[in-house]
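Chemist: Input structure: input04.tsv, which contains TSV, C-alpha atoms.
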chain	number	residue	atom	x	y	z
P	601	MET	CA	-20.91	13.98	68.72
P	602	ASP	CA	-19.60	13.10	65.29
P	603	GLY	CA	-22.21	15.27	63.59
P	604	VAL	CA	-22.36	16.93	60.21
P	605	HIS	CA	-21.64	20.25	61.96
P	606	ASP	CA	-18.04	19.09	62.42
P	607	MET	CA	-17.02	20.48	59.05
P	608	GLY	CA	-13.26	20.97	59.34
P	609	GLY	CA	-11.42	19.07	56.62
P	610	ARG	CA	-14.48	17.62	54.92
P	611	GLN	CA	-14.00	17.27	51.18
P	612	GLY	CA	-16.30	17.82	48.26
P	613	PHE	CA	-17.21	21.45	48.90
P	614	GLY	CA	-16.77	24.05	46.17
P	615	ARG	CA	-15.45	27.57	46.16
P	616	VAL	CA	-16.15	29.98	49.00
P	617	ARG	CA	-18.76	32.44	47.72
P	618	HIS	CA	-16.75	35.43	48.82
P	619	LYS	CA	-17.08	39.06	47.94
P	620	PRO	CA	-15.41	42.03	49.62
P	621	LYS	CA	-17.50	43.82	52.27
P	622	ALA	CA	-19.95	40.92	52.34
P	623	GLU	CA	-23.15	41.33	54.33
P	624	THR	CA	-23.90	39.60	57.64
P	625	PHE	CA	-27.69	39.67	57.30
P	626	HIS	CA	-29.82	39.26	54.19
P	627	ALA	CA	-33.34	39.66	55.57
P	628	PRO	CA	-34.94	41.47	58.53
P	629	TRP	CA	-36.13	38.20	60.15
P	630	GLU	CA	-32.48	37.13	60.56
P	631	LYS	CA	-31.81	40.10	62.85
P	632	ARG	CA	-34.87	39.21	64.93
P	633	VAL	CA	-33.55	35.65	65.33
P	634	ASN	CA	-30.18	36.94	66.48
P	635	ALA	CA	-31.78	39.41	68.89
P	636	LEU	CA	-34.14	36.84	70.42
P	637	TYR	CA	-31.64	34.01	70.90
P	638	SER	CA	-29.43	36.56	72.67
P	639	LEU	CA	-32.39	37.71	74.75
P	640	ALA	CA	-33.05	34.11	75.81
P	641	VAL	CA	-29.42	33.81	76.95
P	642	LYS	CA	-29.77	37.07	78.91
P	643	HIS	CA	-32.88	35.66	80.61
P	644	GLY	CA	-30.90	32.55	81.61
P	645	ILE	CA	-33.10	30.19	79.58
P	646	TYR	CA	-29.98	28.51	78.21
P	647	ASN	CA	-26.25	29.12	77.89
P	648	MET	CA	-24.15	29.41	74.73
P	649	ASP	CA	-22.95	25.79	74.95
P	650	GLU	CA	-26.55	24.55	75.08
P	651	TYR	CA	-27.33	26.88	72.17
P	652	ARG	CA	-24.47	25.53	70.05
P	653	HIS	CA	-25.34	21.93	70.89
P	654	ALA	CA	-28.99	22.38	69.95
P	655	ILE	CA	-27.79	23.48	66.49
P	656	GLU	CA	-25.58	20.38	66.26
P	657	ARG	CA	-28.58	18.23	67.18
P	658	MET	CA	-30.54	19.31	64.10
P	659	GLU	CA	-31.53	16.49	61.78
P	660	PRO	CA	-28.52	16.30	59.42
P	661	ARG	CA	-30.41	16.98	56.19
P	662	HIS	CA	-32.03	20.00	57.84
P	663	TYR	CA	-28.69	21.25	59.18
P	664	LEU	CA	-27.01	21.12	55.79
P	665	SER	CA	-29.85	22.76	53.89
P	666	ALA	CA	-30.76	25.45	56.44
P	667	SER	CA	-29.21	28.92	56.36
P	668	TYR	CA	-27.10	30.06	59.31
P	669	TYR	CA	-30.01	31.98	60.82
P	670	GLU	CA	-32.48	29.14	60.31
P	671	ARG	CA	-30.08	27.02	62.35
P	672	SER	CA	-30.07	29.69	65.09
P	673	LEU	CA	-33.85	29.81	64.95
P	674	THR	CA	-34.16	26.02	65.25
P	675	SER	CA	-31.90	26.01	68.31
P	676	LEU	CA	-33.91	28.83	69.92
P	677	ALA	CA	-37.26	27.07	69.28
P	678	THR	CA	-35.98	23.68	70.43
P	679	LEU	CA	-34.45	24.96	73.68
P	680	CYS	CA	-37.49	27.07	74.60
P	681	ILE	CA	-39.64	23.95	74.26
P	682	GLU	CA	-37.17	21.73	76.15
P	683	LYS	CA	-36.89	24.33	78.93
P	684	GLY	CA	-40.66	24.76	79.20
P	685	VAL	CA	-40.92	28.38	78.01
P	686	PHE	CA	-43.62	27.29	75.54
P	687	THR	CA	-44.92	24.06	74.08
P	688	GLN	CA	-44.47	22.82	70.54
P	689	ASP	CA	-48.24	23.00	70.17
P	690	GLU	CA	-48.37	26.68	71.16
P	691	LEU	CA	-45.46	27.52	68.86
P	692	GLU	CA	-46.95	25.72	65.85
P	693	ARG	CA	-50.40	27.16	66.47
P	694	ARG	CA	-49.01	30.68	66.47
P	695	ALA	CA	-46.71	29.97	63.50
P	696	GLY	CA	-49.58	28.51	61.48
P	697	GLY	CA	-47.65	25.38	60.50
P	698	THR	CA	-45.13	22.84	61.71
P	699	VAL	CA	-41.80	24.01	63.10
P	700	PRO	CA	-38.82	21.69	62.50
P	701	LEU	CA	-36.93	21.09	65.75
P	702	SER	CA	-33.61	19.55	66.74
P	703	LEU	CA	-33.42	15.92	67.83
P	704	PRO	CA	-33.06	15.00	71.55
P	705	ALA	CA	-29.65	15.23	73.23
P	706	ALA	CA	-27.52	12.25	74.17
P	707	PRO	CA	-26.03	12.40	77.69
P	708	GLY	CA	-23.20	14.83	78.45
P	709	ARG	CA	-20.19	14.17	80.63
P	710	PRO	CA	-18.30	15.88	83.48
P	711	ASN	CA	-14.71	17.15	83.27
P	712	VAL	CA	-12.25	14.30	82.73
P	713	ALA	CA	-10.88	13.34	86.16
P	714	THR	CA	-7.44	12.35	84.87
P	715	ARG	CA	-6.77	15.63	83.06
P	716	GLN	CA	-3.47	17.35	83.76
P	717	LYS	CA	-1.76	20.69	83.26
P	718	TYR	CA	0.53	21.50	80.36
P	719	LYS	CA	2.98	24.29	79.68
P	720	ILE	CA	3.96	26.12	76.51
P	721	GLY	CA	6.16	23.88	74.37
P	722	ASP	CA	4.68	20.59	75.66
P	723	ARG	CA	3.82	17.94	73.10
P	724	VAL	CA	0.25	16.76	73.57
P	725	ARG	CA	-2.07	14.27	71.92
P	726	VAL	CA	-5.81	14.67	71.55
P	727	ARG	CA	-7.46	11.71	73.29
P	728	THR	CA	-9.13	9.21	71.00
P	729	GLU	CA	-12.63	9.61	72.35
P	730	HIS	CA	-16.04	9.38	70.76
P	731	VAL	CA	-18.35	11.56	72.80
P	732	PRO	CA	-22.11	11.22	72.16
P	733	GLY	CA	-23.02	14.69	73.50
P	734	HIS	CA	-21.54	18.15	72.96
P	735	VAL	CA	-17.79	18.32	72.44
P	736	ARG	CA	-15.58	21.14	71.16
P	737	ALA	CA	-12.70	19.05	69.86
P	738	PRO	CA	-13.13	18.92	66.08
P	739	GLY	CA	-12.87	15.40	64.68
P	740	TYR	CA	-9.86	16.27	62.52
P	741	ILE	CA	-7.55	16.53	65.57
P	742	ARG	CA	-8.69	13.32	67.28
P	743	GLY	CA	-5.65	11.16	68.10
P	744	LYS	CA	-3.30	13.76	66.57
P	745	THR	CA	-0.20	15.21	68.20
P	746	GLY	CA	0.65	18.90	68.46
P	747	ILE	CA	2.58	21.46	70.51
P	748	VAL	CA	1.11	23.83	73.09
P	749	VAL	CA	1.81	27.41	71.92
P	750	ASP	CA	-0.43	29.34	74.33
P	751	ILE	CA	-2.57	28.83	77.43
P	752	THR	CA	-5.75	30.85	77.83
P	753	PRO	CA	-7.93	31.50	80.89
P	754	ALA	CA	-10.30	28.81	82.08
P	755	TYR	CA	-13.78	28.33	80.63
P	756	PRO	CA	-16.65	26.05	81.72
P	757	PHE	CA	-16.13	22.56	80.26
P	758	PRO	CA	-18.53	22.53	77.29
P	759	ASP	CA	-19.25	18.78	77.36
P	760	ALA	CA	-20.87	19.33	80.76
P	761	HIS	CA	-22.05	22.93	80.38
P	762	ALA	CA	-24.18	22.07	77.32
P	763	HIS	CA	-26.02	19.34	79.25
P	764	GLY	CA	-26.89	20.93	82.58
P	765	ILE	CA	-24.12	18.98	84.32
P	766	HIS	CA	-21.84	20.80	86.79
P	767	ALA	CA	-18.97	22.13	84.67
P	768	GLU	CA	-15.70	23.07	86.30
P	769	ASP	CA	-13.70	25.73	84.51
P	770	GLU	CA	-10.60	24.41	82.84
P	771	PRO	CA	-7.86	26.00	80.72
P	772	THR	CA	-7.80	25.78	76.97
P	773	TYR	CA	-4.53	25.33	75.15
P	774	ASP	CA	-3.74	26.70	71.72
P	775	VAL	CA	-2.23	23.60	70.15
P	776	ARG	CA	-0.28	23.78	66.91
P	777	PHE	CA	-0.80	20.94	64.46
P	778	ARG	CA	0.74	20.54	61.02
P	779	THR	CA	-1.53	19.75	58.11
P	780	GLU	CA	0.96	17.06	57.01
P	781	GLU	CA	0.07	15.25	60.26
P	782	LEU	CA	-3.67	15.96	60.13
P	783	TRP	CA	-4.20	14.93	56.50
P	784	PRO	CA	-0.99	13.26	55.28
P	785	GLY	CA	-0.40	13.88	51.60
P	786	SER	CA	-3.82	15.48	51.20
P	787	ALA	CA	-3.68	19.09	52.37
P	788	ASP	CA	-2.00	22.44	51.66
P	789	ARG	CA	1.09	22.97	53.81
P	790	ALA	CA	0.12	25.04	56.86
P	791	GLU	CA	-0.05	25.09	60.63
P	792	VAL	CA	-3.50	24.75	62.15
P	793	HIS	CA	-4.03	26.00	65.70
P	794	VAL	CA	-6.97	24.74	67.71
P	795	GLY	CA	-8.19	25.87	71.15
P	796	VAL	CA	-8.31	22.55	73.02
P	797	PHE	CA	-9.82	22.01	76.45
P	798	GLU	CA	-7.57	20.31	79.02
P	799	SER	CA	-9.91	17.31	79.33
P	800	TYR	CA	-9.38	16.50	75.64
P	801	LEU	CA	-5.58	16.17	75.95
P	802	GLU	CA	-3.02	13.63	77.10
P	803	PRO	CA	0.77	13.92	77.16
P	804	ALA	CA	2.62	12.83	74.02
P	805	ALA	CA	6.12	11.41	74.13
E	60	MET	CA	-51.01	7.50	50.53
E	61	PRO	CA	-53.08	6.18	53.45
E	62	ASP	CA	-55.55	8.63	54.94
E	63	THR	CA	-54.52	9.01	58.57
E	64	GLY	CA	-57.43	11.26	59.34
E	65	HIS	CA	-55.11	14.19	60.05
E	66	ARG	CA	-54.85	17.19	57.84
E	67	GLN	CA	-51.24	17.41	56.66
E	68	GLN	CA	-49.82	20.69	57.94
E	69	GLU	CA	-47.29	22.68	55.98
E	70	THR	CA	-43.96	23.71	57.48
E	71	ALA	CA	-44.23	27.31	58.68
E	72	PRO	CA	-41.94	29.76	56.84
E	73	VAL	CA	-39.00	31.00	58.90
E	74	GLU	CA	-40.57	34.46	59.24
E	75	ARG	CA	-43.73	32.97	60.77
E	76	ARG	CA	-41.63	30.85	63.15
E	77	ILE	CA	-39.75	33.87	64.54
E	78	ASP	CA	-43.00	35.91	64.56
E	79	ALA	CA	-44.46	33.22	66.82
E	80	ILE	CA	-41.48	33.20	69.21
E	81	GLU	CA	-41.44	37.01	69.31
E	82	ALA	CA	-45.17	37.08	70.15
E	83	ILE	CA	-44.79	34.46	72.90
E	84	PHE	CA	-41.79	36.26	74.43
E	85	GLU	CA	-43.77	39.52	74.32
E	86	ALA	CA	-46.74	37.79	76.00
E	87	ARG	CA	-44.39	36.43	78.70
E	88	GLY	CA	-43.21	39.96	79.54
E	89	MET	CA	-39.74	39.48	78.04
E	90	ASN	CA	-39.84	42.74	76.03
E	91	ALA	CA	-38.96	41.06	72.75
E	92	ARG	CA	-39.76	44.12	70.63
E	93	ALA	CA	-37.46	46.35	72.68
E	94	ALA	CA	-34.68	43.74	72.52
E	95	ILE	CA	-34.95	43.60	68.73
E	96	GLU	CA	-34.80	47.38	68.42
E	97	GLU	CA	-31.81	47.52	70.73
E	98	PHE	CA	-30.07	44.77	68.74
E	99	GLU	CA	-30.67	46.58	65.45
E	100	HIS	CA	-29.22	49.74	66.95
E	101	THR	CA	-26.20	47.83	68.32
E	102	ILE	CA	-25.28	46.16	65.04
E	103	GLU	CA	-25.59	49.43	63.14
E	104	GLU	CA	-23.81	51.64	65.66
E	105	LYS	CA	-21.52	49.52	67.82
E	106	TRP	CA	-20.35	46.12	66.49
E	107	LEU	CA	-18.49	47.54	63.52
E	108	PRO	CA	-15.19	46.67	61.84
E	109	GLU	CA	-14.24	50.32	62.41
E	110	ASN	CA	-13.58	49.27	66.03
E	111	GLY	CA	-10.92	46.78	65.03
E	112	ALA	CA	-9.59	49.23	62.45
E	113	ARG	CA	-8.94	51.76	65.24
E	114	VAL	CA	-7.14	49.06	67.23
E	115	VAL	CA	-4.97	48.17	64.22
E	116	ALA	CA	-4.13	51.80	63.44
E	117	LYS	CA	-3.12	52.45	67.04
E	118	ALA	CA	-0.98	49.29	67.12
E	119	TRP	CA	0.77	50.45	63.93
E	120	THR	CA	1.59	53.86	65.37
E	121	ASP	CA	2.09	53.22	69.10
E	122	PRO	CA	4.63	50.44	69.91
E	123	ALA	CA	3.78	50.45	73.63
E	124	PHE	CA	0.09	49.92	72.82
E	125	LYS	CA	0.97	47.17	70.35
E	126	LYS	CA	2.98	45.38	73.05
E	127	ARG	CA	0.03	45.55	75.45
E	128	LEU	CA	-2.33	44.40	72.68
E	129	MET	CA	-0.23	41.35	71.89
E	130	GLU	CA	0.06	40.49	75.61
E	131	ASN	CA	-3.57	40.99	76.64
E	132	GLY	CA	-5.89	41.88	73.80
E	133	ARG	CA	-9.02	42.20	75.89
E	134	ALA	CA	-7.45	44.75	78.26
E	135	ALA	CA	-5.81	46.70	75.42
E	136	VAL	CA	-9.00	47.11	73.35
E	137	GLY	CA	-10.64	48.23	76.59
E	138	GLU	CA	-8.27	51.23	76.58
E	139	LEU	CA	-10.08	52.34	73.41
E	140	GLY	CA	-13.47	51.90	75.08
E	141	LEU	CA	-14.16	48.60	73.31
E	142	THR	CA	-15.78	45.73	75.20
E	143	MET	CA	-16.36	42.04	74.63
E	144	PRO	CA	-19.19	39.82	75.93
E	145	PRO	CA	-18.48	38.18	79.30
E	146	HIS	CA	-18.08	34.71	77.77
E	147	HIS	CA	-15.30	35.96	75.43
E	148	ARG	CA	-12.72	35.90	78.18
E	149	HIS	CA	-9.63	36.40	76.04
E	150	LEU	CA	-8.66	38.19	72.81
E	151	ILE	CA	-5.57	36.91	71.06
E	152	VAL	CA	-4.05	39.13	68.37
E	153	LYS	CA	-1.89	37.54	65.69
E	154	GLU	CA	0.37	39.66	63.51
E	155	ASN	CA	0.78	39.14	59.78
E	156	THR	CA	4.19	39.84	58.30
E	157	ALA	CA	5.87	39.65	54.91
E	158	THR	CA	6.49	35.93	55.48
E	159	LEU	CA	3.49	34.90	57.62
E	160	GLN	CA	-0.26	34.91	56.99
E	161	ASN	CA	-2.54	34.18	59.97
E	162	VAL	CA	-6.17	33.33	59.17
E	163	ILE	CA	-9.10	32.78	61.54
E	164	CYS	CA	-12.09	30.47	61.18
E	165	CYS	CA	-14.57	28.42	63.21
E	166	THR	CA	-15.06	24.95	61.77
E	167	LEU	CA	-17.68	23.87	64.35
E	168	CYS	CA	-19.97	26.92	64.18
E	169	SER	CA	-19.05	30.53	63.34
E	170	CYS	CA	-17.44	32.17	66.37
E	171	THR	CA	-15.75	35.58	65.98
E	172	ALA	CA	-14.69	38.57	68.07
E	173	PHE	CA	-17.77	40.32	66.68
E	174	THR	CA	-17.73	43.33	69.00
E	175	ILE	CA	-14.22	44.16	67.75
E	176	ILE	CA	-14.01	43.13	64.08
E	177	GLY	CA	-17.75	43.27	63.37
E	178	LEU	CA	-20.25	40.46	62.87
E	179	PRO	CA	-18.96	37.69	60.62
E	180	PRO	CA	-19.60	38.04	56.87
E	181	ASP	CA	-21.91	35.51	55.22
E	182	TRP	CA	-19.14	33.46	53.57
E	183	TYR	CA	-17.37	32.99	56.94
E	184	LYS	CA	-20.43	31.09	58.21
E	185	GLU	CA	-20.89	28.99	55.08
E	186	LEU	CA	-20.03	25.29	54.89
E	187	GLU	CA	-17.37	25.83	52.18
E	188	TYR	CA	-15.16	28.09	54.30
E	189	ARG	CA	-15.64	26.02	57.46
E	190	ALA	CA	-14.81	22.75	55.70
E	191	ARG	CA	-11.95	23.86	53.49
E	192	VAL	CA	-9.89	26.63	55.07
E	193	VAL	CA	-8.15	24.38	57.62
E	194	ARG	CA	-7.14	21.81	55.01
E	195	GLN	CA	-6.74	23.81	51.81
E	196	SER	CA	-5.79	27.21	53.19
E	197	ARG	CA	-3.52	28.32	50.35
E	198	THR	CA	-5.99	27.18	47.70
E	199	VAL	CA	-8.96	28.81	49.44
E	200	LEU	CA	-7.12	32.11	49.94
E	201	LYS	CA	-6.10	32.09	46.27
E	202	GLU	CA	-9.71	31.52	45.23
E	203	MET	CA	-10.67	34.44	47.46
E	204	GLY	CA	-8.19	36.69	45.67
E	205	LEU	CA	-5.13	36.34	47.93
E	206	ASP	CA	-2.47	34.50	45.94
E	207	LEU	CA	0.39	33.99	48.41
E	208	PRO	CA	3.85	32.92	47.27
E	209	GLU	CA	5.22	29.70	48.76
E	210	SER	CA	7.63	31.84	50.80
E	211	VAL	CA	4.69	32.97	52.97
E	212	ASP	CA	3.79	30.49	55.71
E	213	ILE	CA	0.14	30.09	56.68
E	214	ARG	CA	-1.23	29.65	60.18
E	215	VAL	CA	-4.94	28.95	60.58
E	216	TRP	CA	-6.63	29.57	63.95
E	217	ASP	CA	-9.77	27.47	64.55
E	218	THR	CA	-12.00	29.19	67.14
E	219	THR	CA	-13.11	26.10	69.05
E	220	ALA	CA	-13.16	27.63	72.56
E	221	ASP	CA	-14.45	31.01	73.74
E	222	THR	CA	-11.07	32.64	73.19
E	223	ARG	CA	-11.41	35.07	70.29
E	224	TYR	CA	-8.85	36.00	67.66
E	225	MET	CA	-8.15	38.99	65.49
E	226	ILE	CA	-5.43	39.52	62.93
E	227	LEU	CA	-3.13	42.53	62.96
E	228	PRO	CA	-2.55	43.08	59.22
E	229	GLU	CA	0.80	44.14	57.82
E	230	ARG	CA	0.98	47.91	57.40
E	231	PRO	CA	1.35	48.91	53.74
E	232	ALA	CA	4.65	50.65	52.96
E	233	ARG	CA	2.87	53.51	51.19
E	234	THR	CA	1.30	54.70	54.47
E	235	ALA	CA	4.47	56.12	56.07
E	236	GLY	CA	3.60	59.25	58.00
E	237	TRP	CA	-0.19	58.74	57.87
E	238	SER	CA	-2.34	59.68	60.87
E	239	GLU	CA	-4.20	57.06	62.91
E	240	GLU	CA	-7.47	58.18	61.29
E	241	GLN	CA	-6.05	57.81	57.78
E	242	LEU	CA	-4.66	54.38	58.65
E	243	ALA	CA	-7.89	53.14	60.24
E	244	ALA	CA	-9.78	54.04	57.07
E	245	ILE	CA	-7.92	51.42	54.99
E	246	VAL	CA	-8.32	48.49	57.44
E	247	THR	CA	-10.99	45.99	56.39
E	248	LYS	CA	-12.87	43.19	58.16
E	249	ASP	CA	-11.38	40.71	55.66
E	250	ALA	CA	-7.85	41.80	56.62
E	251	MET	CA	-8.66	41.31	60.32
E	252	ILE	CA	-9.95	37.80	59.51
E	253	GLY	CA	-6.78	37.21	57.55
E	254	VAL	CA	-8.20	36.44	54.11
E	255	ALA	CA	-6.90	39.69	52.59
E	256	ARG	CA	-3.80	41.86	52.73
E	257	LEU	CA	-3.88	45.63	52.65
E	258	ALA	CA	-2.36	47.44	49.70
Mind turning this structure into structure tokens?

Modeler:
Amino acid sequence: MDGVHDMGGRQGFGRVRHKPKAETFHAPWEKRVNALYSLAVKHGIYNMDEYRHAIERMEPRHYLSASYYERSLTSLATLCIEKGVFTQDELERRAGGTVPLSLPAAPGRPNVATRQKYKIGDRVRVRTEHVPGHVRAPGYIRGKTGIVVDITPAYPFPDAHAHGIHAEDEPTYDVRFRTEELWPGSADRAEVHVGVFESYLEPAA
Amino acid sequence: MPDTGHRQQETAPVERRIDAIEAIFEARGMNARAAIEEFEHTIEEKWLPENGARVVAKAWTDPAFKKRLMENGRAAVGELGLTMPPHHRHLIVKENTATLQNVICCTLCSCTAFTIIGLPPDWYKELEYRARVVRQSRTVLKEMGLDLPESVDIRVWDTTADTRYMILPERPARTAGWSEEQLAAIVTKDAMIGVARLA
């Protein structure tokens, strides 16, 4: 989905608030969120693709204003309700207030039937597709051409795996793009490499 | 405002929300409390940048290990007793040189090889880094204190699949003859993300 989570290349953001040896956590509750969303994965309540997609499904204003761990927490709460571990009513009763949840999912999709294999050095184009559900091709490479520089072992296709649809494993390709092609005349000169699932690609001349 | 007959409820603070989930998990027999204690132990004792620092120091001093690391990162870090979660099926190591700076990011969420380089720092997960580093890499690195000359090329690696990346920093010239332990002590998480160079 073309959600606000798809941040790569968006303009208008200020400086990175960086300091050396920066912390990961800033409050004890954040560690509990991390521990419990991992516990839910261990119990098979959801997989990591469902977890990521439930974050993407957050209401956009909530997504942008929430901290990283509030986003994790919202995904955990939403999926536990959707999977029937508890009800929204039980959660809010125990929490003593309302709990903001993610919005419902659009349908997912199976692996693309016409996908094909590539080898290192092949020129590939990212298919111009607008997928309503989970997708791991960032918007900034859509329709763009790059070169395969590496092939990595197969993973479950996330567009299916995030939606409870049978997901066949498929390879991902490290594809090299040039910023001049991604954002002509409007980017620092660099190469950007993206791990792209086979279903997202088509051959380029 | 029309009176709907319902009492308007306040949004529960984040702490109360996770309290509620913890209590429900505990009531369902999922041992939430034990899982939290185990997690706190793991992040303090196991998922540390010192792991990656050991890998880097060994790669700097043992060419045969470095070759194996570059060919199959997951297997090579396993030689040092380091593991990755099952869904991280591949570790790719990219080497920085005098003329090349590799940098990692995750524009869609905040994926990292956290068992090797440590959990991601706060700024890595923030919107500014995710939005800007792919498009304004040289500018962002300069703002973060790494002012690279134009002669250094930049390669950004966006972690969009479950393959994980780590950067092998360039070894500082002043460290000739140092032991692996001495070398590991100067390797930082930022250098393994690629936003810093080691002096």

Chemist: Measuring between only C-alpha atoms, which one of E:Asn131, E:Ser196, E:Asn155, E:Asn110 shows the shortest distance to chain P?

Modeler: E:Ser196

Chemist: From the list E:His100, E:Lys117, E:Lys105, E:Lys125, which residue is nearest chain P when using all atoms listed in the file?

Modeler: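 Of all the options, E:His100 lies closest to chain P.
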
Chemist: Any idea what the distance is between atom CA of Pro700 of chain P and atom CA of Thr70 of chain E?

Modeler: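 Pair atom CA of Pro700 of chain P / atom CA of Thr70 of chain E returns 7.5 Å.
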
Chemist: Tell me the residues of chain E close to chain P, meaning within 6 Å using all atoms listed in the file, as a list in words.

Modeler: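 Selected residues: Gln68, Glu69, Thr70, Ala71, Glu74, Arg75, Arg76, Ala79, Ile95, Phe98, Thr166, Leu167, Pro180, Asp181, Trp182, Glu187, Tyr188, Arg189, Ala190, Arg191, Arg194, Gln195, Ile213, Arg214, Val215, Trp216, Asp217, Thr219 and Ala220 of chain E.
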
Chemist: Would you mind listing what lies within 9 Å of Lys153 of chain E as a list of chain:residue names, with all atoms listed in the file counted and same-chain residues fewer than 3 positions away left out?

Modeler: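 The residues satisfying every condition are E:Met129, E:Asn161, E:Val162, E:Tyr224, E:Met225, E:Ile226, E:Leu227, E:Pro228.
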
Chemist: Could you state the separation of atom CA of Ala706 of chain P and atom CA of His734 of chain P in Å, given to one decimal place?

Modeler: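 We find that atom CA of Ala706 of chain P and atom CA of His734 of chain P lie 8.5 Å from each other.
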
Chemist: Please, what distance in Å, to one decimal, runs between atom CA of Pro660 of chain P and atom CA of Leu801 of chain P?

Modeler: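 It comes out at 28.3 Å.
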